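Student: Sharing model-v3.cif (mmCIF, C-alpha atoms) below.
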data_model
#
loop_
_atom_site.label_atom_id
_atom_site.label_comp_id
_atom_site.auth_asym_id
_atom_site.auth_seq_id
_atom_site.Cartn_x
_atom_site.Cartn_y
_atom_site.Cartn_z
CA MET B 1 -11.43 14.59 8.17
CA VAL B 2 -10.66 10.96 9.07
CA TRP B 3 -8.59 12.14 12.07
CA ASN B 4 -11.45 14.28 13.43
CA ASP B 5 -14.00 11.51 12.87
CA ALA B 6 -11.80 9.02 14.74
CA LEU B 7 -11.34 11.54 17.55
CA ALA B 8 -15.12 12.03 17.78
CA ILE B 9 -15.54 8.28 18.30
CA VAL B 10 -12.61 7.51 20.60
CA LYS B 11 -12.40 10.57 22.87
CA PRO B 12 -15.87 10.26 24.49
CA ARG B 13 -15.31 6.55 25.08
CA ARG B 14 -11.99 7.18 26.79
CA ALA B 15 -13.53 9.96 28.89
CA SER B 16 -16.42 7.70 29.91
CA ASN B 17 -14.05 4.87 30.80
CA LYS B 18 -11.91 7.28 32.83
CA LEU B 19 -14.93 8.27 34.93
CA LEU B 20 -15.66 4.62 35.69
CA GLY B 21 -12.12 3.97 36.83
CA ASN B 22 -10.08 0.81 36.50
CA PRO B 23 -12.28 -2.09 35.30
CA ARG B 24 -11.04 -4.23 38.21
CA GLN B 25 -11.61 -1.58 40.89
CA ARG B 26 -14.65 0.36 39.71
CA SER B 27 -16.12 2.97 41.98
CA ALA B 28 -19.04 3.73 39.63
CA GLU B 29 -21.52 1.58 37.76
CA GLY B 30 -21.98 1.70 34.02
CA PRO B 31 -20.88 0.16 30.77
CA TYR B 32 -17.19 0.05 30.05
CA TRP B 33 -16.79 1.07 26.41
CA GLY B 34 -14.38 -0.82 24.22
CA ILE B 35 -11.97 1.33 22.29
CA PRO B 36 -12.15 0.42 18.57
CA LYS B 37 -8.98 -0.83 16.92
CA ASN B 38 -7.61 0.58 13.65
CA ALA B 39 -9.27 -2.15 11.58
CA GLU B 40 -12.71 -1.30 13.01
CA LEU B 41 -12.13 2.44 12.56
CA SER B 42 -10.95 1.82 8.99
CA LYS B 43 -14.13 -0.08 8.14
CA LEU B 44 -16.32 2.57 9.72
CA LEU B 45 -14.53 5.78 8.72
CA ILE B 46 -13.07 4.85 5.35
CA THR B 47 -14.87 1.92 3.72
CA ALA B 48 -18.40 2.75 4.87
CA ALA B 49 -17.90 6.51 4.52
CA LYS B 50 -16.94 6.18 0.84
CA LYS B 51 -20.44 4.82 0.15
CA THR B 52 -22.21 7.88 1.57
CA PRO B 53 -22.91 10.84 -0.75
CA GLU B 54 -21.27 13.35 1.64
CA ARG B 55 -17.99 11.43 1.72
CA ALA B 56 -17.91 9.98 -1.81
CA PHE B 57 -14.83 12.11 -2.55
CA LEU B 58 -12.81 9.79 -0.27
CA ALA B 59 -12.82 7.26 -3.12
CA ASP B 60 -10.44 9.58 -4.99
CA VAL B 61 -7.88 9.50 -2.15
CA PRO B 62 -5.34 6.66 -1.97
CA VAL B 63 -6.52 4.30 0.77
CA GLY B 64 -2.99 3.92 2.16
CA VAL B 65 -2.91 7.63 2.98
CA LEU B 66 -6.21 7.40 4.87
CA GLN B 67 -5.03 4.35 6.80
CA GLN B 68 -1.81 6.15 7.71
CA THR B 69 -3.93 8.88 9.23
CA LEU B 70 -5.58 6.31 11.48
CA GLY B 71 -2.17 4.85 12.32
CA ASP B 72 -0.86 8.29 13.26
CA PHE B 73 -3.98 8.84 15.37
CA ASP B 74 -3.39 5.56 17.20
CA LYS B 75 0.28 6.47 17.80
CA ALA B 76 -0.77 9.84 19.23
CA TRP B 77 -3.10 8.15 21.76
CA THR B 78 -0.44 5.57 22.62
CA ALA B 79 2.15 8.31 23.21
CA HIS B 80 -0.32 10.15 25.45
CA GLU B 81 -1.20 7.06 27.49
CA ASP B 82 2.43 5.93 27.78
CA SER B 83 3.53 9.38 28.96
CA LYS B 84 0.89 9.29 31.70
CA THR B 85 1.99 5.87 32.98
CA GLY B 86 5.71 6.63 32.74
CA GLU B 87 6.43 4.10 29.97
CA ARG B 88 7.47 6.93 27.67
CA PRO B 89 10.44 9.02 28.81
CA GLY B 90 10.25 12.78 28.80
CA PRO B 91 7.47 15.23 29.53
CA ARG B 92 3.80 14.33 29.37
CA VAL B 93 2.23 14.29 25.94
CA ALA B 94 -1.16 15.96 25.47
CA PRO B 95 -4.01 13.86 24.08
CA PRO B 96 -4.72 14.21 20.36
CA LYS B 97 -6.79 17.23 19.47
CA ARG B 98 -9.08 18.18 16.65
CA LYS B 99 -7.45 19.34 13.43
CA SER B 100 -8.70 22.66 12.14
CA ARG B 101 -10.00 23.12 8.60
CA LYS B 102 -8.53 26.62 8.66
CA ASP B 103 -4.97 25.41 9.15
CA ASN B 104 -3.53 25.70 5.66
CA ARG B 105 -0.66 23.25 6.15
CA GLN B 106 -1.49 20.04 4.36
CA THR B 107 0.68 16.96 4.09
CA VAL B 108 0.28 13.59 2.46
CA ARG B 109 2.76 10.75 3.00
CA PHE B 110 3.27 8.02 0.41
CA THR B 111 5.09 4.83 1.37
CA ARG B 112 6.33 2.02 -0.87
CA SER B 113 3.09 0.13 -0.25
CA ASP B 114 1.25 3.02 -1.94
CA ARG B 115 3.18 2.16 -5.12
CA TRP B 116 4.78 5.52 -5.84
CA SER B 117 7.90 5.61 -7.98
CA VAL B 118 10.49 7.82 -9.61
CA THR B 119 10.25 7.64 -13.40
CA ASP B 120 13.22 7.39 -15.77
CA ASP B 121 12.96 11.10 -16.62
CA GLY B 122 13.11 12.08 -12.92
CA LYS B 123 9.42 12.72 -12.31
CA LEU B 124 7.63 11.44 -9.25
CA ARG B 125 4.69 9.14 -10.05
CA LEU B 126 2.10 9.31 -7.25
CA PRO B 127 -1.04 7.13 -7.08
CA LYS B 128 -4.28 8.89 -8.07
CA ILE B 129 -2.30 12.10 -8.69
CA GLY B 130 -0.09 11.21 -11.65
CA ASP B 131 3.38 12.35 -12.63
CA VAL B 132 4.69 15.33 -10.70
CA GLU B 133 7.68 17.23 -12.03
CA VAL B 134 10.26 17.52 -9.29
CA LYS B 135 13.38 19.66 -9.20
CA TRP B 136 15.90 17.41 -7.43
CA ALA B 137 18.53 19.36 -5.47
CA ARG B 138 20.97 16.44 -5.43
CA ASP B 139 21.22 12.75 -6.21
CA LEU B 140 19.64 10.52 -3.60
CA PRO B 141 22.12 8.35 -1.70
CA SER B 142 19.59 5.48 -1.67
CA ALA B 143 16.03 4.81 -2.72
CA PRO B 144 13.62 6.65 -0.41
CA SER B 145 11.21 4.54 1.62
CA SER B 146 8.57 7.25 1.57
CA VAL B 147 7.91 10.72 0.26
CA THR B 148 5.89 13.46 1.87
CA LEU B 149 4.11 16.04 -0.24
CA ILE B 150 3.69 19.26 1.75
CA LYS B 151 1.58 22.28 0.84
CA ASP B 152 2.47 25.30 2.94
CA ARG B 153 0.37 28.35 3.82
CA SER B 154 1.27 30.14 0.59
CA ASP B 155 0.05 27.20 -1.57
CA ARG B 156 3.60 26.21 -2.55
CA PRO B 157 4.07 22.45 -2.73
CA HIS B 158 7.26 20.95 -1.31
CA LEU B 159 8.63 17.45 -1.33
CA GLY B 160 9.90 16.00 1.93
CA ARG B 161 12.03 12.92 1.43
CA GLN B 162 13.05 10.15 3.80
CA ARG B 163 15.85 7.74 3.06
CA ALA B 164 15.23 4.02 3.20
CA ASP B 165 18.67 2.84 4.28
CA LEU B 166 19.46 4.66 7.51
CA ARG B 167 22.64 2.65 8.09
CA HIS B 168 24.49 5.13 5.89
CA ARG B 169 25.68 8.16 7.77
CA PRO B 170 24.23 11.42 6.47
CA ARG B 171 26.70 13.93 5.13
CA PRO B 172 27.51 16.72 7.60
CA GLY B 173 25.05 19.58 7.40
CA LEU B 174 22.30 17.55 5.74
CA GLU B 175 19.10 16.53 7.50
CA ARG B 176 17.41 13.17 7.04
CA ARG B 177 14.19 14.87 6.05
CA THR B 178 14.49 17.91 3.82
CA GLN B 179 11.98 20.02 2.00
CA ARG B 180 12.55 20.81 -1.64
CA PRO B 181 10.34 22.98 -3.85
CA LEU B 182 8.60 21.16 -6.68
#
Can the structure in the file be given as structure tokens, please?
Tutor:
Amino acid sequence: MVWNDALAIVKPRRASNKLLGNPRQRSAEGPYWGIPKNAELSKLLITAAKKTPERAFLADVPVGVLQQTLGDFDKAWTAHEDSKTGERPGPRVAPPKRKSRKDNRQTVRFTRSDRWSVTDDGKLRLPKIGDVEVKWARDLPSAPSSVTLIKDRSDRPHLGRQRADLRHRPRPGLERRTQRPL
């Protein structure tokens, strides 16, 4: 929801600015729209939206997760712009597109700043969710920097883990990010 709202604000501004051309060498007249930064989008799409009756449910979502969505949105635009100018190696990256409500894949990423933790009995304590029982496949080589909770199309939750200390070499055959059933 936050992604689509940000896209609805930023995409028309970028399209309008593109029609005007470079601000220094304009071929058309008109206002050059400023592209809002993440802080402005956060105030508008998260803080102000929580006060409206239609979006009051956003108060139940950890704010760090919503801000990560805006950060991911900004990275997607940056990757697109950098691929057009040649600053990013590889093929061109398409601009961000609207996320469908009918796509059943849902993910939520918790970082250390979101204050998640692993309890003494091996459960995963997530903010505003509570303790989640996790079936660990193996001992973690180091404390993870973030965890990703993934719900696939068949409503099965999985836990994607990322290691904090990437200086250690992963064991052969193991990926840095793995999915484990809860």
Student: Have a look at B:Thr119, B:Thr52, B:Ser16, B:Ser42 and name the one nearest to B:Val134; count all atoms listed in the file.
Tutor: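 Among B:Thr119, B:Thr52, B:Ser16, B:Ser42, it is B:Thr119 that comes nearest to B:Val134.
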Student: Taking the file as shown, what set of residues would the PyMOL selection byres ((chain B and resi 95-101) around 12) give back, as a VMD selection string?
Tutor: chain B and resid 1 to 11 14 to 15 69 to 70 72 to 84 92 to 94 102 to 106
Student: What does the distance between atom CA of B:Gln67 and atom CA of B:Glu54 come to in Å, to one decimal place?
Tutor: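 Atom CA of B:Gln67 sits 19.3 Å away from atom CA of B:Glu54.
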Student: Could you tell me, as JSON, numbers by chain, exactly which residues end up selected when the PyMOL selection byres ((chain B and resi 39) around 12) is applied to this structure?
Tutor: {"B": [6, 35, 36, 37, 38, 40, 41, 42, 43, 44, 45, 46, 47, 67, 68, 70, 71, 74]}
Student: Work out how far atom CA of B:Val147 is from atom CA of B:Leu159, in Å to one decimal.
Tutor: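 Here the two named atoms are 7.0 Å from each other.
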Student: So what do you get for atom CA of B:Leu19 versus atom CA of B:Trp33, distance-wise?
Tutor: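 The value is 11.3 Å.
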Student: For B:Asp131, work out the shell of residues within 12 Å, counting only C-alpha atoms and skipping chain neighbours fewer than 6 positions away, then give it as a short mmCIF file (atom, residue, chain, number, x, y, z; two decimals) with C-alpha atoms, in the coordinates of the input.
Tutor:
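Heads up, here's the output in selection-v4.cif:
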data_model
loop_
_atom_site.label_atom_id
_atom_site.label_comp_id
_atom_site.auth_asym_id
_atom_site.auth_seq_id
_atom_site.Cartn_x
_atom_site.Cartn_y
_atom_site.Cartn_z
CA TRP B 116 4.78 5.52 -5.84
CA SER B 117 7.90 5.61 -7.98
CA VAL B 118 10.49 7.82 -9.61
CA THR B 119 10.25 7.64 -13.40
CA ASP B 120 13.22 7.39 -15.77
CA ASP B 121 12.96 11.10 -16.62
CA GLY B 122 13.11 12.08 -12.92
CA LYS B 123 9.42 12.72 -12.31
CA LEU B 124 7.63 11.44 -9.25
CA ARG B 125 4.69 9.14 -10.05
CA LEU B 182 8.60 21.16 -6.68
#
